[in-house]
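Enquirer: Supplied structure: protein_39.pdb, PDB, N, CA and C atoms.
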```pdb
ATOM      1  N   LEU D   1     -19.000 -31.061   6.882
ATOM      2  CA  LEU D   1     -18.957 -30.068   5.811
ATOM      3  C   LEU D   1     -18.409 -28.731   6.325
ATOM      4  N   MET D   2     -18.807 -28.338   7.515
ATOM      5  CA  MET D   2     -18.323 -27.087   8.103
ATOM      6  C   MET D   2     -16.816 -27.135   8.345
ATOM      7  N   ALA D   3     -16.306 -28.313   8.656
ATOM      8  CA  ALA D   3     -14.873 -28.452   8.903
ATOM      9  C   ALA D   3     -14.058 -28.160   7.651
ATOM     10  N   ILE D   4     -14.663 -28.301   6.494
ATOM     11  CA  ILE D   4     -13.980 -28.005   5.232
ATOM     12  C   ILE D   4     -14.245 -26.564   4.805
ATOM     13  N   ALA D   5     -15.485 -26.115   4.943
ATOM     14  CA  ALA D   5     -15.900 -24.812   4.437
ATOM     15  C   ALA D   5     -15.277 -23.648   5.200
ATOM     16  N   VAL D   6     -15.276 -23.706   6.517
ATOM     17  CA  VAL D   6     -14.804 -22.573   7.316
ATOM     18  C   VAL D   6     -13.315 -22.281   7.086
ATOM     19  N   PRO D   7     -12.423 -23.264   7.142
ATOM     20  CA  PRO D   7     -11.013 -22.948   6.878
ATOM     21  C   PRO D   7     -10.782 -22.395   5.471
ATOM     22  N   ASN D   8     -11.517 -22.920   4.483
ATOM     23  CA  ASN D   8     -11.381 -22.407   3.120
ATOM     24  C   ASN D   8     -11.869 -20.962   3.017
ATOM     25  N   PHE D   9     -12.948 -20.638   3.721
ATOM     26  CA  PHE D   9     -13.460 -19.278   3.737
ATOM     27  C   PHE D   9     -12.452 -18.337   4.379
ATOM     28  N   VAL D  10     -11.880 -18.743   5.489
ATOM     29  CA  VAL D  10     -10.898 -17.917   6.191
ATOM     30  C   VAL D  10      -9.670 -17.692   5.312
ATOM     31  N   LYS D  11      -9.226 -18.746   4.642
ATOM     32  CA  LYS D  11      -8.064 -18.628   3.759
ATOM     33  C   LYS D  11      -8.361 -17.673   2.597
ATOM     34  N   ALA D  12      -9.537 -17.777   2.009
ATOM     35  CA  ALA D  12      -9.923 -16.903   0.898
ATOM     36  C   ALA D  12     -10.024 -15.453   1.358
ATOM     37  N   ARG D  13     -10.568 -15.234   2.542
ATOM     38  CA  ARG D  13     -10.682 -13.874   3.084
ATOM     39  C   ARG D  13      -9.308 -13.282   3.334
ATOM     40  N   ASP D  14      -8.397 -14.051   3.931
ATOM     41  CA  ASP D  14      -7.042 -13.569   4.199
ATOM     42  C   ASP D  14      -6.294 -13.271   2.910
ATOM     43  N   SER D  15      -6.473 -14.115   1.904
ATOM     44  CA  SER D  15      -5.829 -13.909   0.607
ATOM     45  C   SER D  15      -6.357 -12.636  -0.053
ATOM     46  N   SER D  16      -7.649 -12.403   0.041
ATOM     47  CA  SER D  16      -8.251 -11.203  -0.524
ATOM     48  C   SER D  16      -7.727  -9.947   0.166
ATOM     49  N   ARG D  17      -7.617  -9.992   1.480
ATOM     50  CA  ARG D  17      -7.090  -8.843   2.227
ATOM     51  C   ARG D  17      -5.639  -8.569   1.851
ATOM     52  N   LYS D  18      -4.851  -9.616   1.714
ATOM     53  CA  LYS D  18      -3.438  -9.460   1.344
ATOM     54  C   LYS D  18      -3.330  -8.833  -0.039
ATOM     55  N   ASN D  19      -4.110  -9.326  -1.003
ATOM     56  CA  ASN D  19      -4.076  -8.782  -2.360
ATOM     57  C   ASN D  19      -4.522  -7.327  -2.393
ATOM     58  N   SER D  20      -5.507  -6.977  -1.603
ATOM     59  CA  SER D  20      -5.967  -5.593  -1.523
ATOM     60  C   SER D  20      -4.877  -4.703  -0.927
ATOM     61  N   CYS D  21      -4.197  -5.199   0.071
ATOM     62  CA  CYS D  21      -3.088  -4.461   0.690
ATOM     63  C   CYS D  21      -1.982  -4.215  -0.330
ATOM     64  N   ILE D  22      -1.628  -5.238  -1.078
ATOM     65  CA  ILE D  22      -0.570  -5.105  -2.086
ATOM     66  C   ILE D  22      -0.987  -4.100  -3.158
ATOM     67  N   ALA D  23      -2.265  -4.079  -3.526
ATOM     68  CA  ALA D  23      -2.756  -3.088  -4.490
ATOM     69  C   ALA D  23      -2.612  -1.675  -3.921
ATOM     70  N   ASN D  24      -2.883  -1.507  -2.626
ATOM     71  CA  ASN D  24      -2.692  -0.208  -1.975
ATOM     72  C   ASN D  24      -1.228   0.209  -1.998
ATOM     73  N   LEU D  25      -0.333  -0.753  -1.763
ATOM     74  CA  LEU D  25       1.101  -0.451  -1.783
ATOM     75  C   LEU D  25       1.550  -0.040  -3.189
ATOM     76  N   LYS D  26       1.013  -0.699  -4.211
ATOM     77  CA  LYS D  26       1.343  -0.336  -5.598
ATOM     78  C   LYS D  26       0.859   1.076  -5.909
ATOM     79  N   GLN D  27      -0.338   1.398  -5.464
ATOM     80  CA  GLN D  27      -0.884   2.739  -5.680
ATOM     81  C   GLN D  27      -0.022   3.783  -4.976
ATOM     82  N   THR D  28       0.389   3.498  -3.760
ATOM     83  CA  THR D  28       1.238   4.418  -3.010
ATOM     84  C   THR D  28       2.581   4.588  -3.712
ATOM     85  N   ASP D  29       3.144   3.496  -4.198
ATOM     86  CA  ASP D  29       4.433   3.565  -4.883
ATOM     87  C   ASP D  29       4.329   4.405  -6.154
ATOM     88  N   SER D  30       3.276   4.221  -6.912
ATOM     89  CA  SER D  30       3.079   5.004  -8.138
ATOM     90  C   SER D  30       2.926   6.491  -7.818
ATOM     91  N   ALA D  31       2.151   6.804  -6.798
ATOM     92  CA  ALA D  31       1.957   8.200  -6.398
ATOM     93  C   ALA D  31       3.281   8.811  -5.939
ATOM     94  N   LYS D  32       4.048   8.033  -5.189
ATOM     95  CA  LYS D  32       5.341   8.520  -4.681
ATOM     96  C   LYS D  32       6.304   8.801  -5.828
ATOM     97  N   GLU D  33       6.362   7.914  -6.803
ATOM     98  CA  GLU D  33       7.265   8.112  -7.938
ATOM     99  C   GLU D  33       6.826   9.301  -8.796
ATOM    100  N   GLN D  34       5.519   9.468  -8.974
ATOM    101  CA  GLN D  34       5.017  10.623  -9.725
ATOM    102  C   GLN D  34       5.352  11.918  -8.991
ATOM    103  N   TRP D  35       5.172  11.926  -7.669
ATOM    104  CA  TRP D  35       5.523  13.085  -6.849
ATOM    105  C   TRP D  35       7.007  13.416  -7.010
ATOM    106  N   ALA D  36       7.855  12.398  -6.983
ATOM    107  CA  ALA D  36       9.296  12.612  -7.105
ATOM    108  C   ALA D  36       9.649  13.222  -8.461
ATOM    109  N   MET D  37       9.025  12.733  -9.528
ATOM    110  CA  MET D  37       9.305  13.293 -10.854
ATOM    111  C   MET D  37       8.821  14.738 -10.949
ATOM    112  N   ASP D  38       7.605  15.003 -10.463
ATOM    113  CA  ASP D  38       7.046  16.355 -10.541
ATOM    114  C   ASP D  38       7.844  17.360  -9.717
ATOM    115  N   ASN D  39       8.428  16.908  -8.618
ATOM    116  CA  ASN D  39       9.166  17.798  -7.719
ATOM    117  C   ASN D  39      10.677  17.685  -7.869
ATOM    118  N   LYS D  40      11.115  16.972  -8.901
ATOM    119  CA  LYS D  40      12.541  16.808  -9.213
ATOM    120  C   LYS D  40      13.339  16.309  -8.005
ATOM    121  N   LYS D  41      12.816  15.239  -7.379
ATOM    122  CA  LYS D  41      13.459  14.633  -6.209
ATOM    123  C   LYS D  41      14.226  13.392  -6.644
ATOM    124  N   ASP D  42      15.379  13.188  -6.053
ATOM    125  CA  ASP D  42      16.204  12.022  -6.354
ATOM    126  C   ASP D  42      15.898  10.890  -5.380
ATOM    127  N   ALA D  43      16.457   9.717  -5.684
ATOM    128  CA  ALA D  43      16.329   8.570  -4.783
ATOM    129  C   ALA D  43      16.841   8.964  -3.398
ATOM    130  N   GLY D  44      16.141   8.558  -2.392
ATOM    131  CA  GLY D  44      16.517   8.869  -1.016
ATOM    132  C   GLY D  44      15.783  10.068  -0.449
ATOM    133  N   ALA D  45      15.034  10.796  -1.288
ATOM    134  CA  ALA D  45      14.280  11.952  -0.802
ATOM    135  C   ALA D  45      13.125  11.474   0.083
ATOM    136  N   THR D  46      12.886  12.191   1.137
ATOM    137  CA  THR D  46      11.828  11.841   2.080
ATOM    138  C   THR D  46      10.478  12.302   1.548
ATOM    139  N   VAL D  47       9.503  11.438   1.651
ATOM    140  CA  VAL D  47       8.132  11.748   1.230
ATOM    141  C   VAL D  47       7.177  11.201   2.282
ATOM    142  N   ALA D  48       6.062  11.903   2.486
ATOM    143  CA  ALA D  48       5.049  11.477   3.454
ATOM    144  C   ALA D  48       3.690  11.439   2.769
ATOM    145  N   TYR D  49       2.724  10.792   3.394
ATOM    146  CA  TYR D  49       1.385  10.755   2.816
ATOM    147  C   TYR D  49       0.818  12.160   2.648
ATOM    148  N   THR D  50       1.205  13.105   3.479
ATOM    149  CA  THR D  50       0.701  14.471   3.331
ATOM    150  C   THR D  50       1.146  15.089   2.013
ATOM    151  N   ASP D  51       2.250  14.605   1.448
ATOM    152  CA  ASP D  51       2.709  15.076   0.139
ATOM    153  C   ASP D  51       1.917  14.435  -1.000
ATOM    154  N   LEU D  52       1.275  13.310  -0.739
ATOM    155  CA  LEU D  52       0.630  12.523  -1.783
ATOM    156  C   LEU D  52      -0.885  12.595  -1.796
ATOM    157  N   VAL D  53      -1.493  12.833  -0.630
ATOM    158  CA  VAL D  53      -2.947  12.705  -0.490
ATOM    159  C   VAL D  53      -3.636  14.062  -0.490
ATOM    160  N   GLY D  54      -4.674  14.175  -1.285
ATOM    161  CA  GLY D  54      -5.485  15.383  -1.342
ATOM    162  C   GLY D  54      -6.239  15.415  -2.654
ATOM    163  N   ALA D  55      -7.275  16.211  -2.718
ATOM    164  CA  ALA D  55      -8.122  16.259  -3.916
ATOM    165  C   ALA D  55      -7.335  16.654  -5.165
ATOM    166  N   THR D  56      -6.327  17.484  -5.012
ATOM    167  CA  THR D  56      -5.553  17.941  -6.171
ATOM    168  C   THR D  56      -4.172  17.300  -6.233
ATOM    169  N   LEU D  57      -3.932  16.302  -5.403
ATOM    170  CA  LEU D  57      -2.629  15.648  -5.386
ATOM    171  C   LEU D  57      -2.695  14.300  -6.100
ATOM    172  N   TYR D  58      -1.947  13.323  -5.649
ATOM    173  CA  TYR D  58      -1.761  12.064  -6.366
ATOM    174  C   TYR D  58      -2.698  10.942  -5.925
ATOM    175  N   MET D  59      -3.253  11.066  -4.727
ATOM    176  CA  MET D  59      -4.194  10.074  -4.199
ATOM    177  C   MET D  59      -5.335  10.834  -3.521
ATOM    178  N   LYS D  60      -6.562  10.341  -3.663
ATOM    179  CA  LYS D  60      -7.696  11.034  -3.053
ATOM    180  C   LYS D  60      -7.760  10.857  -1.547
ATOM    181  N   SER D  61      -7.315   9.704  -1.059
ATOM    182  CA  SER D  61      -7.358   9.456   0.386
ATOM    183  C   SER D  61      -6.205   8.533   0.784
ATOM    184  N   THR D  62      -5.901   8.547   2.053
ATOM    185  CA  THR D  62      -4.847   7.690   2.576
ATOM    186  C   THR D  62      -5.369   6.259   2.654
ATOM    187  N   PRO D  63      -4.686   5.320   2.005
ATOM    188  CA  PRO D  63      -5.157   3.932   2.046
ATOM    189  C   PRO D  63      -4.920   3.311   3.416
ATOM    190  N   SER D  64      -5.696   2.282   3.714
ATOM    191  CA  SER D  64      -5.487   1.549   4.960
ATOM    192  C   SER D  64      -5.469   0.057   4.655
ATOM    193  N   CYS D  65      -4.662  -0.657   5.394
ATOM    194  CA  CYS D  65      -4.533  -2.093   5.198
ATOM    195  C   CYS D  65      -5.819  -2.776   5.676
ATOM    196  N   PRO D  66      -6.431  -3.610   4.849
ATOM    197  CA  PRO D  66      -7.650  -4.296   5.263
ATOM    198  C   PRO D  66      -7.442  -5.293   6.400
ATOM    199  N   SER D  67      -6.193  -5.656   6.656
ATOM    200  CA  SER D  67      -5.892  -6.572   7.757
ATOM    201  C   SER D  67      -5.482  -5.832   9.023
ATOM    202  N   GLY D  68      -5.551  -4.504   8.992
ATOM    203  CA  GLY D  68      -5.217  -3.714  10.172
ATOM    204  C   GLY D  68      -3.753  -3.356  10.286
ATOM    205  N   GLY D  69      -2.975  -3.573   9.249
ATOM    206  CA  GLY D  69      -1.557  -3.223   9.271
ATOM    207  C   GLY D  69      -1.356  -1.728   9.126
ATOM    208  N   THR D  70      -0.122  -1.310   9.315
ATOM    209  CA  THR D  70       0.247   0.097   9.196
ATOM    210  C   THR D  70       1.192   0.261   8.022
ATOM    211  N   TYR D  71       0.917   1.246   7.173
ATOM    212  CA  TYR D  71       1.760   1.504   6.014
ATOM    213  C   TYR D  71       2.865   2.498   6.350
ATOM    214  N   THR D  72       4.006   2.289   5.714
ATOM    215  CA  THR D  72       5.124   3.215   5.768
ATOM    216  C   THR D  72       5.465   3.574   4.329
ATOM    217  N   VAL D  73       5.510   4.875   4.015
ATOM    218  CA  VAL D  73       5.761   5.309   2.642
ATOM    219  C   VAL D  73       7.198   5.005   2.232
ATOM    220  N   ASN D  74       8.143   5.226   3.111
ATOM    221  CA  ASN D  74       9.584   5.071   2.844
ATOM    222  C   ASN D  74      10.075   6.137   1.865
ATOM    223  N   VAL D  75      11.366   6.220   1.689
ATOM    224  CA  VAL D  75      11.968   7.247   0.841
ATOM    225  C   VAL D  75      11.817   6.897  -0.630
ATOM    226  N   VAL D  76      12.017   7.893  -1.487
ATOM    227  CA  VAL D  76      11.946   7.693  -2.934
ATOM    228  C   VAL D  76      12.994   6.662  -3.345
ATOM    229  N   GLY D  77      12.605   5.749  -4.203
ATOM    230  CA  GLY D  77      13.513   4.712  -4.676
ATOM    231  C   GLY D  77      13.397   3.408  -3.920
ATOM    232  N   THR D  78      12.575   3.380  -2.868
ATOM    233  CA  THR D  78      12.330   2.145  -2.118
ATOM    234  C   THR D  78      10.818   1.891  -2.100
ATOM    235  N   ASN D  79      10.449   0.645  -1.926
ATOM    236  CA  ASN D  79       9.031   0.291  -1.900
ATOM    237  C   ASN D  79       8.383   0.709  -0.592
ATOM    238  N   PRO D  80       7.110   1.139  -0.663
ATOM    239  CA  PRO D  80       6.365   1.337   0.575
ATOM    240  C   PRO D  80       6.174  -0.018   1.249
ATOM    241  N   ALA D  81       5.854  -0.019   2.536
ATOM    242  CA  ALA D  81       5.764  -1.274   3.269
ATOM    243  C   ALA D  81       4.529  -1.309   4.169
ATOM    244  N   CYS D  82       4.119  -2.531   4.472
ATOM    245  CA  CYS D  82       3.064  -2.791   5.451
ATOM    246  C   CYS D  82       3.680  -3.660   6.536
ATOM    247  N   ASP D  83       3.286  -3.432   7.779
ATOM    248  CA  ASP D  83       3.895  -4.202   8.867
ATOM    249  C   ASP D  83       3.270  -5.588   9.066
ATOM    250  N   LYS D  84       2.281  -5.955   8.242
ATOM    251  CA  LYS D  84       1.700  -7.302   8.303
ATOM    252  C   LYS D  84       2.597  -8.281   7.531
ATOM    253  N   THR D  85       2.844  -9.432   8.090
ATOM    254  CA  THR D  85       3.675 -10.452   7.442
ATOM    255  C   THR D  85       3.076 -10.873   6.106
ATOM    256  N   GLY D  86       3.896 -10.877   5.066
ATOM    257  CA  GLY D  86       3.468 -11.307   3.759
ATOM    258  C   GLY D  86       2.884 -10.219   2.879
ATOM    259  N   HIS D  87       2.614  -9.049   3.452
ATOM    260  CA  HIS D  87       2.060  -7.950   2.677
ATOM    261  C   HIS D  87       3.229  -7.128   2.141
ATOM    262  N   VAL D  88       3.781  -7.594   1.010
ATOM    263  CA  VAL D  88       4.996  -7.001   0.446
ATOM    264  C   VAL D  88       4.825  -6.885  -1.062
ATOM    265  N   LEU D  89       5.327  -5.771  -1.609
ATOM    266  CA  LEU D  89       5.319  -5.646  -3.071
ATOM    267  C   LEU D  89       6.251  -6.687  -3.678
ATOM    268  N   PRO D  90       5.821  -7.318  -4.779
ATOM    269  CA  PRO D  90       6.682  -8.330  -5.403
ATOM    270  C   PRO D  90       7.910  -7.711  -6.049
TER     271      PRO D  90
END
```
Translate this structure into C-alpha coordinates?

Expert:
Amino acid sequence: LMAIAVPNFVKARDSSRKNSCIANLKQTDSAKEQWAMDNKKDAGATVAYTDLVGATLYMKSTPSCPSGGTYTVNVVGTNPACDKTGHVLP
(Lines of atoms letter the chains of each structure in order from A and count residues from 1; the text may use other names and numbers.)
(Lines give C-alpha, C1' and ligand atoms only; values in the text may rest on other atoms or scores of the structure.)
Protein backbone atom coordinates (compact mmCIF):
# COMPACT_ATOMS: atom_id res chain seq x y z
CA LEU A 1 0.00 0.00 0.00
CA MET A 2 2.85 2.40 0.81
CA ALA A 3 4.37 1.73 -2.60
CA ILE A 4 1.24 3.25 -4.15
CA ALA A 5 0.48 6.00 -1.63
CA VAL A 6 3.89 7.67 -1.33
CA PRO A 7 4.51 8.31 -5.06
CA ASN A 8 0.95 9.64 -5.43
CA PHE A 9 1.46 11.95 -2.45
CA VAL A 10 4.75 13.24 -3.86
CA LYS A 11 3.15 13.82 -7.26
CA ALA A 12 0.21 15.70 -5.70
CA ARG A 13 2.57 17.85 -3.61
CA ASP A 14 4.72 18.72 -6.64
CA SER A 15 1.63 19.55 -8.70
CA SER A 16 0.32 21.81 -5.92
CA ARG A 17 3.65 23.64 -5.68
CA LYS A 18 3.77 24.12 -9.45
CA ASN A 19 0.21 25.51 -9.52
CA SER A 20 0.99 27.86 -6.64
CA CYS A 21 4.10 29.07 -8.47
CA ILE A 22 2.11 29.73 -11.64
CA ALA A 23 -0.45 31.69 -9.59
CA ASN A 24 2.43 33.81 -8.22
CA LEU A 25 3.66 34.43 -11.77
CA LYS A 26 0.16 35.51 -12.85
CA GLN A 27 -0.04 37.91 -9.91
CA THR A 28 3.37 39.34 -10.77
CA ASP A 29 2.39 39.74 -14.42
CA SER A 30 -0.83 41.56 -13.50
CA ALA A 31 1.03 43.89 -11.12
CA LYS A 32 3.68 44.57 -13.77
CA GLU A 33 1.10 45.42 -16.43
CA GLN A 34 -0.81 47.69 -14.03
CA TRP A 35 2.46 49.43 -13.12
CA ALA A 36 3.23 49.94 -16.81
CA MET A 37 -0.18 51.48 -17.50
CA ASP A 38 -0.02 53.76 -14.44
CA ASN A 39 3.49 54.94 -15.33
CA LYS A 40 2.89 55.16 -19.10
CA LYS A 41 5.62 52.60 -19.88
CA ASP A 42 5.84 50.82 -23.22
CA ALA A 43 6.77 47.22 -23.98
CA GLY A 44 10.42 46.63 -23.19
CA ALA A 45 10.50 48.96 -20.17
CA THR A 46 12.49 47.59 -17.25
CA VAL A 47 10.60 46.84 -14.05
CA ALA A 48 11.76 45.32 -10.75
CA TYR A 49 9.98 43.94 -7.71
CA THR A 50 10.89 47.15 -5.87
CA ASP A 51 8.57 48.96 -8.30
CA LEU A 52 5.73 46.53 -7.56
CA VAL A 53 5.94 45.55 -3.89
CA GLY A 54 4.86 47.69 -0.95
CA ALA A 55 1.82 48.51 1.15
CA THR A 56 0.72 51.24 -1.27
CA LEU A 57 1.92 49.58 -4.46
CA TYR A 58 0.64 46.65 -6.54
CA MET A 59 1.64 43.68 -4.36
CA LYS A 60 1.87 43.49 -0.56
CA SER A 61 4.94 41.25 -0.53
CA THR A 62 7.43 39.65 -2.87
CA PRO A 63 6.20 36.16 -3.80
CA SER A 64 8.45 33.14 -3.51
CA CYS A 65 8.33 29.87 -5.40
CA PRO A 66 7.12 27.05 -3.13
CA SER A 67 9.59 24.72 -4.84
CA GLY A 68 12.55 26.99 -4.08
CA GLY A 69 12.84 28.52 -7.54
CA THR A 70 13.85 32.09 -8.27
CA TYR A 71 11.53 34.54 -10.00
CA THR A 72 12.56 37.00 -12.68
CA VAL A 73 10.15 39.88 -13.39
CA ASN A 74 11.41 40.50 -16.96
CA VAL A 75 10.58 43.59 -19.01
CA VAL A 76 7.09 44.92 -19.73
CA GLY A 77 5.40 42.90 -22.46
CA THR A 78 7.03 39.59 -21.51
CA ASN A 79 5.97 37.01 -18.94
CA PRO A 80 7.71 36.78 -15.59
CA ALA A 81 9.63 33.53 -15.16
CA CYS A 82 10.65 30.94 -12.59
CA ASP A 83 13.87 28.98 -12.98
CA LYS A 84 12.18 25.68 -11.97
CA THR A 85 11.40 23.39 -14.92
CA GLY A 86 7.73 23.42 -15.84
CA HIS A 87 6.87 26.51 -13.80
CA VAL A 88 5.78 28.64 -16.77
CA LEU A 89 2.79 30.84 -17.49
CA PRO A 90 0.53 29.19 -20.08

Enquirer: Mind the document's chain letters and residue numbers, and return as a PyMOL selection string the residues of region 15-69 of chain D that DSSP labels helix (DSSP H, G or I).

Expert: chain D and resi 15-38+49-52

Enquirer: Can you give me, as a short mmCIF file (atom, residue, chain, number, x, y, z; two decimals) with N, CA and C atoms, keeping the file's coordinate frame, the residues this file yields under the PyMOL selection byres (((chain D and resi 49 and name CA) around 12) and name CA)?

Expert:
```cif
data_model
loop_
_atom_site.label_atom_id
_atom_site.label_comp_id
_atom_site.auth_asym_id
_atom_site.auth_seq_id
_atom_site.Cartn_x
_atom_site.Cartn_y
_atom_site.Cartn_z
N GLN D 27 -0.34 1.40 -5.46
CA GLN D 27 -0.88 2.74 -5.68
C GLN D 27 -0.02 3.78 -4.98
N THR D 28 0.39 3.50 -3.76
CA THR D 28 1.24 4.42 -3.01
C THR D 28 2.58 4.59 -3.71
N ASP D 29 3.14 3.50 -4.20
CA ASP D 29 4.43 3.56 -4.88
C ASP D 29 4.33 4.40 -6.15
N ALA D 31 2.15 6.80 -6.80
CA ALA D 31 1.96 8.20 -6.40
C ALA D 31 3.28 8.81 -5.94
N LYS D 32 4.05 8.03 -5.19
CA LYS D 32 5.34 8.52 -4.68
C LYS D 32 6.30 8.80 -5.83
N TRP D 35 5.17 11.93 -7.67
CA TRP D 35 5.52 13.08 -6.85
C TRP D 35 7.01 13.42 -7.01
N THR D 46 12.89 12.19 1.14
CA THR D 46 11.83 11.84 2.08
C THR D 46 10.48 12.30 1.55
N VAL D 47 9.50 11.44 1.65
CA VAL D 47 8.13 11.75 1.23
C VAL D 47 7.18 11.20 2.28
N ALA D 48 6.06 11.90 2.49
CA ALA D 48 5.05 11.48 3.45
C ALA D 48 3.69 11.44 2.77
N THR D 50 1.20 13.10 3.48
CA THR D 50 0.70 14.47 3.33
C THR D 50 1.15 15.09 2.01
N ASP D 51 2.25 14.60 1.45
CA ASP D 51 2.71 15.08 0.14
C ASP D 51 1.92 14.44 -1.00
N LEU D 52 1.27 13.31 -0.74
CA LEU D 52 0.63 12.52 -1.78
C LEU D 52 -0.88 12.60 -1.80
N VAL D 53 -1.49 12.83 -0.63
CA VAL D 53 -2.95 12.70 -0.49
C VAL D 53 -3.64 14.06 -0.49
N GLY D 54 -4.67 14.18 -1.28
CA GLY D 54 -5.48 15.38 -1.34
C GLY D 54 -6.24 15.42 -2.65
N LEU D 57 -3.93 16.30 -5.40
CA LEU D 57 -2.63 15.65 -5.39
C LEU D 57 -2.70 14.30 -6.10
N TYR D 58 -1.95 13.32 -5.65
CA TYR D 58 -1.76 12.06 -6.37
C TYR D 58 -2.70 10.94 -5.92
N MET D 59 -3.25 11.07 -4.73
CA MET D 59 -4.19 10.07 -4.20
C MET D 59 -5.34 10.83 -3.52
N LYS D 60 -6.56 10.34 -3.66
CA LYS D 60 -7.70 11.03 -3.05
C LYS D 60 -7.76 10.86 -1.55
N SER D 61 -7.32 9.70 -1.06
CA SER D 61 -7.36 9.46 0.39
C SER D 61 -6.20 8.53 0.78
N THR D 62 -5.90 8.55 2.05
CA THR D 62 -4.85 7.69 2.58
C THR D 62 -5.37 6.26 2.65
N PRO D 63 -4.69 5.32 2.00
CA PRO D 63 -5.16 3.93 2.05
C PRO D 63 -4.92 3.31 3.42
N SER D 64 -5.70 2.28 3.71
CA SER D 64 -5.49 1.55 4.96
C SER D 64 -5.47 0.06 4.66
N TYR D 71 0.92 1.25 7.17
CA TYR D 71 1.76 1.50 6.01
C TYR D 71 2.86 2.50 6.35
N THR D 72 4.01 2.29 5.71
CA THR D 72 5.12 3.22 5.77
C THR D 72 5.46 3.57 4.33
N VAL D 73 5.51 4.88 4.01
CA VAL D 73 5.76 5.31 2.64
C VAL D 73 7.20 5.00 2.23
N ASN D 74 8.14 5.23 3.11
CA ASN D 74 9.58 5.07 2.84
C ASN D 74 10.07 6.14 1.86
N VAL D 75 11.37 6.22 1.69
CA VAL D 75 11.97 7.25 0.84
C VAL D 75 11.82 6.90 -0.63
N PRO D 80 7.11 1.14 -0.66
CA PRO D 80 6.36 1.34 0.57
C PRO D 80 6.17 -0.02 1.25
#
```

Enquirer: Calculated over all atoms listed in the file, which of the candidates D:Ile22, D:Val10, D:Ile4, D:Ser15 has the smallest distance to Pro90 (chain D)?

Expert: D:Ile22

Enquirer: List as a tab-separated table (two decimals) with N, CA and C atoms, in the frame of the given file the protein and nucleic acid residues near Gly68 (chain D), meaning an atom at most 10 Å away when only C-alpha atoms are counted, but skip any in the same chain fewer than 4 places from it.

Expert:
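Result file selection.tsv:
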```
chain	number	residue	atom	x	y	z
D	17	ARG	N	-7.62	-9.99	1.48
D	17	ARG	CA	-7.09	-8.84	2.23
D	17	ARG	C	-5.64	-8.57	1.85
D	21	CYS	N	-4.20	-5.20	0.07
D	21	CYS	CA	-3.09	-4.46	0.69
D	21	CYS	C	-1.98	-4.22	-0.33
D	64	SER	N	-5.70	2.28	3.71
D	64	SER	CA	-5.49	1.55	4.96
D	64	SER	C	-5.47	0.06	4.66
D	82	CYS	N	4.12	-2.53	4.47
D	82	CYS	CA	3.06	-2.79	5.45
D	82	CYS	C	3.68	-3.66	6.54
D	83	ASP	N	3.29	-3.43	7.78
D	83	ASP	CA	3.90	-4.20	8.87
D	83	ASP	C	3.27	-5.59	9.07
D	84	LYS	N	2.28	-5.96	8.24
D	84	LYS	CA	1.70	-7.30	8.30
D	84	LYS	C	2.60	-8.28	7.53
```

Enquirer: For a test of reading the model, state the distance in Å between atom C of Ser16 (chain D) and CA of Ala81 (chain D), rounded to one decimal.

Expert: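 Going from atom C of Ser16 (chain D) over to CA of Ala81 (chain D), I get 16.3 Å.
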
Enquirer: Would you compute, for all listed atoms of region 1-5 of chain D, the axis-aligned bounding box grown by 6 Å on each side, and then report its centre and edge lengths in Å rounded to one decimal, as AutoDock Vina command-line options?

Expert:
```
--center_x -16.5 --center_y -27.4 --center_z 6.7 --size_x 17.0 --size_y 19.4 --size_z 16.5
```

Enquirer: Kindly indicate which residue among D:Leu1, D:Lys18, D:Leu89, D:Thr78 lies nearest to Ala45 (chain D), using only N, CA and C atoms for the distances.

Expert: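 Once distances to Ala45 (chain D) are computed over only N, CA and C atoms, the minimum belongs to D:Thr78.
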
Enquirer: Enter the distance from atom N of Ser67 (chain D) to CA of Ala23 (chain D), in Å, rounded to one decimal.

Expert: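 That distance, rounded to one decimal, is 11.9 Å.
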
Enquirer: Between D:Ala55, D:Val88, D:Ala43, D:Met37, which one has atoms that come closest to Val76 (chain D), using all atoms listed in the file?

Expert: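 Of the candidates, the smallest distance to Val76 (chain D) is held by D:Ala43.
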
Enquirer: Run DSSP on the backbone and tell me which residues of chain D come out as strand (DSSP E or B); list them as a PyMOL selection string.

Expert: chain D and resi 53+59+71-72+81-82

Enquirer: Since the input has fewer atoms than a full residue there, write region 6-19 of chain D out with N, CA, C and O atoms, as a short mmCIF file (atom, residue, chain, number, x, y, z; two decimals), in the frame of the given file.

Expert:
```
data_model
loop_
_atom_site.label_atom_id
_atom_site.label_comp_id
_atom_site.auth_asym_id
_atom_site.auth_seq_id
_atom_site.Cartn_x
_atom_site.Cartn_y
_atom_site.Cartn_z
N VAL D 6 -15.28 -23.71 6.52
CA VAL D 6 -14.80 -22.57 7.32
C VAL D 6 -13.32 -22.28 7.09
O VAL D 6 -12.96 -21.13 6.82
N PRO D 7 -12.42 -23.26 7.14
CA PRO D 7 -11.01 -22.95 6.88
C PRO D 7 -10.78 -22.40 5.47
O PRO D 7 -9.95 -21.50 5.28
N ASN D 8 -11.52 -22.92 4.48
CA ASN D 8 -11.38 -22.41 3.12
C ASN D 8 -11.87 -20.96 3.02
O ASN D 8 -11.28 -20.15 2.31
N PHE D 9 -12.95 -20.64 3.72
CA PHE D 9 -13.46 -19.28 3.74
C PHE D 9 -12.45 -18.34 4.38
O PHE D 9 -12.18 -17.25 3.86
N VAL D 10 -11.88 -18.74 5.49
CA VAL D 10 -10.90 -17.92 6.19
C VAL D 10 -9.67 -17.69 5.31
O VAL D 10 -9.15 -16.58 5.21
N LYS D 11 -9.23 -18.75 4.64
CA LYS D 11 -8.06 -18.63 3.76
C LYS D 11 -8.36 -17.67 2.60
O LYS D 11 -7.53 -16.83 2.24
N ALA D 12 -9.54 -17.78 2.01
CA ALA D 12 -9.92 -16.90 0.90
C ALA D 12 -10.02 -15.45 1.36
O ALA D 12 -9.59 -14.53 0.65
N ARG D 13 -10.57 -15.23 2.54
CA ARG D 13 -10.68 -13.87 3.08
C ARG D 13 -9.31 -13.28 3.33
O ARG D 13 -9.04 -12.14 2.97
N ASP D 14 -8.40 -14.05 3.93
CA ASP D 14 -7.04 -13.57 4.20
C ASP D 14 -6.29 -13.27 2.91
O ASP D 14 -5.58 -12.27 2.80
N SER D 15 -6.47 -14.12 1.90
CA SER D 15 -5.83 -13.91 0.61
C SER D 15 -6.36 -12.64 -0.05
O SER D 15 -5.59 -11.85 -0.63
N SER D 16 -7.65 -12.40 0.04
CA SER D 16 -8.25 -11.20 -0.52
C SER D 16 -7.73 -9.95 0.17
O SER D 16 -7.42 -8.95 -0.49
N ARG D 17 -7.62 -9.99 1.48
CA ARG D 17 -7.09 -8.84 2.23
C ARG D 17 -5.64 -8.57 1.85
O ARG D 17 -5.24 -7.42 1.70
N LYS D 18 -4.85 -9.62 1.71
CA LYS D 18 -3.44 -9.46 1.34
C LYS D 18 -3.33 -8.83 -0.04
O LYS D 18 -2.55 -7.91 -0.25
N ASN D 19 -4.11 -9.33 -1.00
CA ASN D 19 -4.08 -8.78 -2.36
C ASN D 19 -4.52 -7.33 -2.39
O ASN D 19 -3.96 -6.51 -3.14
#
```
